[in-house]
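K.L.:
Dropping a structure here in structure tokens format, bear with me for questions.
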Amino acid sequence: MWFDPACPWAWMTSRWVEEVEALRDVDVRWHVMSLSVLNEGRDLPEQYRRSMDEAWAPVRVIVAAAQEHGEKVIKPLYDAMGTRRHPGGRRDTAAIIAESLAEVGLPEELAAAGDTDAHDELLRASHAEGIAKVGEDVGTPVVAINGVGFFGPVVTPTPRGQDAANLFDGLNLMTQVPGFYELKRTRTQGPVFD
């Protein structure tokens with residue numbers, strides 16, 4: 001699964017993936033992608049541009065943490081950041097990063113990675129890997145099963161129990177149809193964090 005910690009829809013999908021892990025024999029690998037990278041050079045409304053500028057820091061910190069401490073820290077650090085941002089409703093990015101690093105037991109000095117492009121080559125490579133599975137006209141989340149990727153699923157609230165398993169089984173079946181590309185309907189509500 002590819003996620004940007006700033007995206008509430010990726011958060012919802014990540015909670016579903018977590019549920020699926022308990023219900024199906026799956027080996028989930030967590031990867032970052034970046035809405036900031038995706039939107040580079042695009043003409044964006046000023047408020048969205050500001051949010052994209054701010055979204056660099058969390059993904060940079062996760063990439064730096066993974067480089068220095070291994071991929072095993074990606075999911076716990078994402079969970080810590082995402083819990084504060086999404087169900088927690090917080091937007092104080094610097095404090096979220098600092099608290100999340102402490103929660104996961106990572107050095108506070110990693111927070112400085114959010115303000116530098118020192119790890120952007122790795123960030124861009126992870127982003128490119130996810131986008132290569134789905135194309136340029138989508139965002140986050142990206143889920144791939146056996147190498148076949150899709151944008152989404154975009155869900156709310158998080159499917160639990162048999163509903164989560166059924167959604168996974170359906171997506172798994174769709175990945176087996178070579179010419180299947182897209183299903184979509186208009187979202188009529190925002191994320192419901194439970």
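All residue names refer to the structure tokens as shown: chains lettered A, B, ... in order, residues numbered from 1 in each chain, ligands numbered from 1 in order.
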Using only C-alpha atoms, what does the table of stretch 26-102 of chain A residues within 8 Å of stretch 127-137 of chain A look like, with each row giving the shortest atom pair and its distance in Å to one decimal, sorted by chain and ascending number, as JSON lines?

P.N.:
{"residue": "A:Val32", "atom": "CA", "partner": "A:His127", "partner_atom": "CA", "distance": 6.3}
{"residue": "A:Met33", "atom": "CA", "partner": "A:His127", "partner_atom": "CA", "distance": 4.0}
{"residue": "A:Ser34", "atom": "CA", "partner": "A:His127", "partner_atom": "CA", "distance": 6.1}
{"residue": "A:Val37", "atom": "CA", "partner": "A:His127", "partner_atom": "CA", "distance": 7.9}
{"residue": "A:Leu38", "atom": "CA", "partner": "A:Glu136", "partner_atom": "CA", "distance": 7.9}

K.L.:
Which residues of stretch 94-182 of chain A sit at most 12 Å from stretch 72-75 of chain A, using only C-alpha atoms? Give each one's shortest atom pair and distance in Å (one decimal place), in chain and ascending residue order, as a tab-separated table.

P.N.:
residue	atom	partner	partner_atom	distance
A:Ser100	CA	A:Val73	CA	11.2
A:Leu101	CA	A:Val73	CA	9.9
A:Glu103	CA	A:Val73	CA	11.4
A:Val104	CA	A:Val73	CA	7.8
A:Gly105	CA	A:Val73	CA	9.6
A:Leu106	CA	A:Val73	CA	8.8

K.L.:
Grab the residues selected above and save them as a compact mmCIF listing (two decimals), in the first residue's frame with N, CA, C and O atoms.

P.N.:
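Once everything was written out, this is out-v3.txt:
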# COMPACT_ATOMS: atom_id res chain seq x y z
N SER A 100 5.05 11.86 17.31
CA SER A 100 5.01 10.55 16.66
C SER A 100 6.37 9.87 16.73
O SER A 100 6.46 8.66 16.99
N LEU A 101 7.43 10.61 16.51
CA LEU A 101 8.77 10.04 16.64
C LEU A 101 8.99 9.52 18.05
O LEU A 101 9.51 8.42 18.24
N GLU A 103 6.68 8.60 20.22
CA GLU A 103 5.81 7.44 20.46
C GLU A 103 6.43 6.16 19.91
O GLU A 103 6.34 5.10 20.52
N VAL A 104 7.05 6.25 18.75
CA VAL A 104 7.61 5.07 18.09
C VAL A 104 9.02 4.75 18.60
O VAL A 104 9.56 3.70 18.31
N GLY A 105 9.57 5.66 19.41
CA GLY A 105 10.91 5.42 19.96
C GLY A 105 12.03 5.76 19.01
O GLY A 105 13.12 5.19 19.09
N LEU A 106 11.77 6.71 18.12
CA LEU A 106 12.79 7.15 17.16
C LEU A 106 13.40 8.47 17.62
O LEU A 106 12.75 9.26 18.31

K.L.:
A:Ala65, A:Ala165, A:Ala55, A:Ala144: which is nearest A:Asp92, counting only C-alpha atoms?

P.N.:
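That would be A:Ala55, the residue with the smallest distance to A:Asp92.
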
K.L.:
Mind listing the helix (DSSP H, G or I) residues of stretch 97-138 of chain A, per DSSP on the backbone, as an MDAnalysis selection string?

P.N.:
chainID A and resid 97:104 108:115 120:134

K.L.:
Save out the residues we just selected, N, CA and C atoms, as a PDB file, in the first residue's frame.

P.N.:
ATOM      1  N   ILE A  97       4.754  15.435  14.157  1.00  0.00           N
ATOM      2  CA  ILE A  97       5.973  14.698  13.828  1.00  0.00           C
ATOM      3  C   ILE A  97       6.775  14.413  15.096  1.00  0.00           C
ATOM      4  N   ALA A  98       7.002  15.427  15.918  1.00  0.00           N
ATOM      5  CA  ALA A  98       7.799  15.252  17.137  1.00  0.00           C
ATOM      6  C   ALA A  98       7.170  14.214  18.064  1.00  0.00           C
ATOM      7  N   GLU A  99       5.875  14.324  18.300  1.00  0.00           N
ATOM      8  CA  GLU A  99       5.181  13.385  19.186  1.00  0.00           C
ATOM      9  C   GLU A  99       5.191  11.973  18.611  1.00  0.00           C
ATOM     10  N   SER A 100       5.046  11.864  17.307  1.00  0.00           N
ATOM     11  CA  SER A 100       5.014  10.552  16.658  1.00  0.00           C
ATOM     12  C   SER A 100       6.371   9.867  16.728  1.00  0.00           C
ATOM     13  N   LEU A 101       7.432  10.612  16.510  1.00  0.00           N
ATOM     14  CA  LEU A 101       8.766  10.044  16.636  1.00  0.00           C
ATOM     15  C   LEU A 101       8.994   9.524  18.052  1.00  0.00           C
ATOM     16  N   ALA A 102       8.582  10.308  19.039  1.00  0.00           N
ATOM     17  CA  ALA A 102       8.738   9.890  20.438  1.00  0.00           C
ATOM     18  C   ALA A 102       7.920   8.633  20.722  1.00  0.00           C
ATOM     19  N   GLU A 103       6.684   8.600  20.224  1.00  0.00           N
ATOM     20  CA  GLU A 103       5.813   7.441  20.459  1.00  0.00           C
ATOM     21  C   GLU A 103       6.428   6.157  19.908  1.00  0.00           C
ATOM     22  N   VAL A 104       7.048   6.251  18.749  1.00  0.00           N
ATOM     23  CA  VAL A 104       7.605   5.073  18.088  1.00  0.00           C
ATOM     24  C   VAL A 104       9.019   4.753  18.604  1.00  0.00           C
ATOM     25  N   GLU A 108      14.493  12.181  18.071  1.00  0.00           N
ATOM     26  CA  GLU A 108      13.819  13.438  17.736  1.00  0.00           C
ATOM     27  C   GLU A 108      14.519  14.188  16.615  1.00  0.00           C
ATOM     28  N   GLU A 109      15.815  13.928  16.418  1.00  0.00           N
ATOM     29  CA  GLU A 109      16.575  14.591  15.359  1.00  0.00           C
ATOM     30  C   GLU A 109      16.028  14.271  13.966  1.00  0.00           C
ATOM     31  N   LEU A 110      15.299  13.175  13.837  1.00  0.00           N
ATOM     32  CA  LEU A 110      14.709  12.829  12.540  1.00  0.00           C
ATOM     33  C   LEU A 110      13.716  13.877  12.056  1.00  0.00           C
ATOM     34  N   ALA A 111      13.163  14.652  12.968  1.00  0.00           N
ATOM     35  CA  ALA A 111      12.204  15.691  12.581  1.00  0.00           C
ATOM     36  C   ALA A 111      12.826  16.685  11.605  1.00  0.00           C
ATOM     37  N   ALA A 112      14.126  16.909  11.716  1.00  0.00           N
ATOM     38  CA  ALA A 112      14.809  17.858  10.827  1.00  0.00           C
ATOM     39  C   ALA A 112      14.732  17.427   9.367  1.00  0.00           C
ATOM     40  N   ALA A 113      14.550  16.137   9.110  1.00  0.00           N
ATOM     41  CA  ALA A 113      14.443  15.650   7.721  1.00  0.00           C
ATOM     42  C   ALA A 113      13.240  16.259   7.007  1.00  0.00           C
ATOM     43  N   GLY A 114      12.243  16.685   7.750  1.00  0.00           N
ATOM     44  CA  GLY A 114      11.064  17.289   7.149  1.00  0.00           C
ATOM     45  C   GLY A 114      11.331  18.607   6.460  1.00  0.00           C
ATOM     46  N   ASP A 115      12.431  19.260   6.831  1.00  0.00           N
ATOM     47  CA  ASP A 115      12.749  20.576   6.293  1.00  0.00           C
ATOM     48  C   ASP A 115      13.846  20.560   5.242  1.00  0.00           C
ATOM     49  N   ASP A 120      14.748  13.175  -0.627  1.00  0.00           N
ATOM     50  CA  ASP A 120      13.738  13.260  -1.684  1.00  0.00           C
ATOM     51  C   ASP A 120      13.960  12.258  -2.818  1.00  0.00           C
ATOM     52  N   GLU A 121      15.198  11.870  -3.066  1.00  0.00           N
ATOM     53  CA  GLU A 121      15.425  10.878  -4.119  1.00  0.00           C
ATOM     54  C   GLU A 121      14.735   9.561  -3.763  1.00  0.00           C
ATOM     55  N   LEU A 122      14.847   9.140  -2.508  1.00  0.00           N
ATOM     56  CA  LEU A 122      14.168   7.916  -2.059  1.00  0.00           C
ATOM     57  C   LEU A 122      12.649   8.104  -2.043  1.00  0.00           C
ATOM     58  N   LEU A 123      12.209   9.276  -1.597  1.00  0.00           N
ATOM     59  CA  LEU A 123      10.776   9.582  -1.583  1.00  0.00           C
ATOM     60  C   LEU A 123      10.210   9.518  -2.999  1.00  0.00           C
ATOM     61  N   ARG A 124      10.885  10.151  -3.931  1.00  0.00           N
ATOM     62  CA  ARG A 124      10.416  10.167  -5.321  1.00  0.00           C
ATOM     63  C   ARG A 124      10.434   8.761  -5.933  1.00  0.00           C
ATOM     64  N   ALA A 125      11.398   7.955  -5.559  1.00  0.00           N
ATOM     65  CA  ALA A 125      11.458   6.582  -6.076  1.00  0.00           C
ATOM     66  C   ALA A 125      10.282   5.756  -5.553  1.00  0.00           C
ATOM     67  N   SER A 126       9.968   5.898  -4.279  1.00  0.00           N
ATOM     68  CA  SER A 126       8.827   5.174  -3.717  1.00  0.00           C
ATOM     69  C   SER A 126       7.526   5.643  -4.365  1.00  0.00           C
ATOM     70  N   HIS A 127       7.402   6.958  -4.505  1.00  0.00           N
ATOM     71  CA  HIS A 127       6.228   7.545  -5.161  1.00  0.00           C
ATOM     72  C   HIS A 127       6.097   7.020  -6.590  1.00  0.00           C
ATOM     73  N   ALA A 128       7.200   7.034  -7.325  1.00  0.00           N
ATOM     74  CA  ALA A 128       7.180   6.580  -8.718  1.00  0.00           C
ATOM     75  C   ALA A 128       6.796   5.109  -8.834  1.00  0.00           C
ATOM     76  N   GLU A 129       7.245   4.299  -7.881  1.00  0.00           N
ATOM     77  CA  GLU A 129       6.887   2.883  -7.898  1.00  0.00           C
ATOM     78  C   GLU A 129       5.373   2.697  -7.774  1.00  0.00           C
ATOM     79  N   GLY A 130       4.751   3.443  -6.883  1.00  0.00           N
ATOM     80  CA  GLY A 130       3.298   3.349  -6.727  1.00  0.00           C
ATOM     81  C   GLY A 130       2.551   3.880  -7.936  1.00  0.00           C
ATOM     82  N   ILE A 131       2.951   5.052  -8.419  1.00  0.00           N
ATOM     83  CA  ILE A 131       2.293   5.668  -9.569  1.00  0.00           C
ATOM     84  C   ILE A 131       2.452   4.803 -10.817  1.00  0.00           C
ATOM     85  N   ALA A 132       3.565   4.121 -10.952  1.00  0.00           N
ATOM     86  CA  ALA A 132       3.787   3.254 -12.113  1.00  0.00           C
ATOM     87  C   ALA A 132       2.751   2.136 -12.179  1.00  0.00           C
ATOM     88  N   LYS A 133       2.161   1.803 -11.053  1.00  0.00           N
ATOM     89  CA  LYS A 133       1.155   0.734 -11.027  1.00  0.00           C
ATOM     90  C   LYS A 133      -0.231   1.228 -11.430  1.00  0.00           C
ATOM     91  N   VAL A 134      -0.444   2.573 -11.385  1.00  0.00           N
ATOM     92  CA  VAL A 134      -1.799   3.083 -11.605  1.00  0.00           C
ATOM     93  C   VAL A 134      -1.900   4.204 -12.631  1.00  0.00           C
TER      94      VAL A 134
END

K.L.:
As a PyMOL selection string, which residues of stretch 35-192 of chain A does DSSP assign to strand (DSSP E)?

P.N.:
chain A and resi 142-145+148-151

K.L.:
I want to know what sits within 12 Å of A:Arg91, based on only C-alpha atoms, with residues of the same chain fewer than 3 positions away left out; could you give that as a ChimeraX atom specification?

P.N.:
/A:5-6,51,54-55,58,81-88,94-97

K.L.:
Give me, please, the distance in Å between atom CA of A:Leu183 and atom CA of A:Gln47, quoted to one decimal.

P.N.:
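Atom CA of A:Gln47 lies 29.3 Å from atom CA of A:Leu183.
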
K.L.:
I want to know what sits within 10 Å of A:Val148, based on only C-alpha atoms, with residues of the same chain fewer than 5 positions away left out; could you give that as a list of chain:residue names?

P.N.:
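Listed by chain and then number, they are A:Lys133, A:Val134, A:Val143, A:Asn172, A:Met174, A:Thr175, A:Gln176, A:Val177, A:Pro178.
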
K.L.:
Need the shell around A:Asn39: protein/DNA/RNA residues with any atom at most 10 Å away, counting only C-alpha atoms. Skip same-chain ones fewer than 2 positions apart. Format as a VMD selection string?

P.N.:
chain A and resid 34 to 37 41 to 44 48 to 49 52 to 53 139

K.L.:
Would you please work out which residue, of A:Asp169, A:Gly89, A:Met1, A:Ala57, is nearest to A:Arg29 when using only C-alpha atoms?

P.N.:
A:Met1

K.L.:
Can you work out which one of A:Arg160, A:Arg187, A:His119, A:Arg90 has the shortest atom-to-atom distance to A:Glu21, counting only C-alpha atoms?

P.N.:
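That would be A:Arg160, the residue with the smallest distance to A:Glu21.
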
K.L.:
Determine the nearest neighbour of A:Pro8 from the options A:Val154, A:Ala80, A:Val59, A:Ile145, counting only C-alpha atoms.

P.N.:
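Nearest candidate to A:Pro8 out of A:Val154, A:Ala80, A:Val59, A:Ile145: A:Val154.
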
K.L.:
Interatomic distance between atom CA of A:Gly161 and atom CA of A:Val17?

P.N.:
11.5 Å

K.L.:
Tell me, as a VMD selection string, which residues lie within 9 Å of A:Glu182, counting only C-alpha atoms; anything in the same chain fewer than 2 positions away does not count.

P.N.:
chain A and resid 150 to 151 180 184

K.L.:
Those same residues - all heavy atoms - I'd like them written as an mmCIF file, in the first residue's frame.

P.N.:
data_model
loop_
_atom_site.group_PDB
_atom_site.id
_atom_site.type_symbol
_atom_site.label_atom_id
_atom_site.label_comp_id
_atom_site.auth_asym_id
_atom_site.auth_seq_id
_atom_site.Cartn_x
_atom_site.Cartn_y
_atom_site.Cartn_z
ATOM 1 N N PHE A 150 -4.266 -0.453 -8.087
ATOM 2 C CA PHE A 150 -5.438 0.401 -8.283
ATOM 3 C C PHE A 150 -5.352 1.580 -7.337
ATOM 4 O O PHE A 150 -4.810 1.467 -6.237
ATOM 5 C CB PHE A 150 -6.745 -0.351 -7.994
ATOM 6 C CG PHE A 150 -7.096 -1.369 -9.026
ATOM 7 C CD1 PHE A 150 -6.864 -2.720 -8.794
ATOM 8 C CD2 PHE A 150 -7.661 -0.997 -10.234
ATOM 9 C CE1 PHE A 150 -7.188 -3.671 -9.738
ATOM 10 C CE2 PHE A 150 -7.987 -1.937 -11.194
ATOM 11 C CZ PHE A 150 -7.748 -3.276 -10.946
ATOM 12 N N PHE A 151 -5.902 2.710 -7.761
ATOM 13 C CA PHE A 151 -6.138 3.819 -6.849
ATOM 14 C C PHE A 151 -7.299 3.407 -5.961
ATOM 15 O O PHE A 151 -8.333 2.957 -6.439
ATOM 16 C CB PHE A 151 -6.493 5.083 -7.646
ATOM 17 C CG PHE A 151 -7.097 6.159 -6.803
ATOM 18 C CD1 PHE A 151 -6.344 6.791 -5.828
ATOM 19 C CD2 PHE A 151 -8.409 6.540 -6.988
ATOM 20 C CE1 PHE A 151 -6.903 7.795 -5.051
ATOM 21 C CE2 PHE A 151 -8.976 7.545 -6.219
ATOM 22 C CZ PHE A 151 -8.219 8.172 -5.248
ATOM 23 N N PHE A 180 -9.320 -4.855 -16.827
ATOM 24 C CA PHE A 180 -10.138 -4.070 -15.898
ATOM 25 C C PHE A 180 -9.350 -2.869 -15.392
ATOM 26 O O PHE A 180 -8.251 -3.014 -14.893
ATOM 27 C CB PHE A 180 -10.598 -4.918 -14.716
ATOM 28 C CG PHE A 180 -11.424 -4.125 -13.745
ATOM 29 C CD1 PHE A 180 -12.734 -3.827 -14.034
ATOM 30 C CD2 PHE A 180 -10.872 -3.649 -12.580
ATOM 31 C CE1 PHE A 180 -13.497 -3.068 -13.158
ATOM 32 C CE2 PHE A 180 -11.618 -2.896 -11.696
ATOM 33 C CZ PHE A 180 -12.936 -2.600 -11.997
ATOM 34 N N LYS A 184 -16.088 3.751 -10.454
ATOM 35 C CA LYS A 184 -16.112 5.003 -9.712
ATOM 36 C C LYS A 184 -17.534 5.474 -9.512
ATOM 37 O O LYS A 184 -18.398 5.243 -10.354
ATOM 38 C CB LYS A 184 -15.308 6.079 -10.450
ATOM 39 C CG LYS A 184 -15.155 7.337 -9.619
ATOM 40 C CD LYS A 184 -14.089 8.237 -10.149
ATOM 41 C CE LYS A 184 -14.043 9.448 -9.252
ATOM 42 N NZ LYS A 184 -12.752 10.010 -9.068
#

K.L.:
What does the distance from atom CA of A:Asp194 to atom CA of A:Ala22 come to in Å, to one decimal?

P.N.:
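Interatomic distance here is 17.8 Å.
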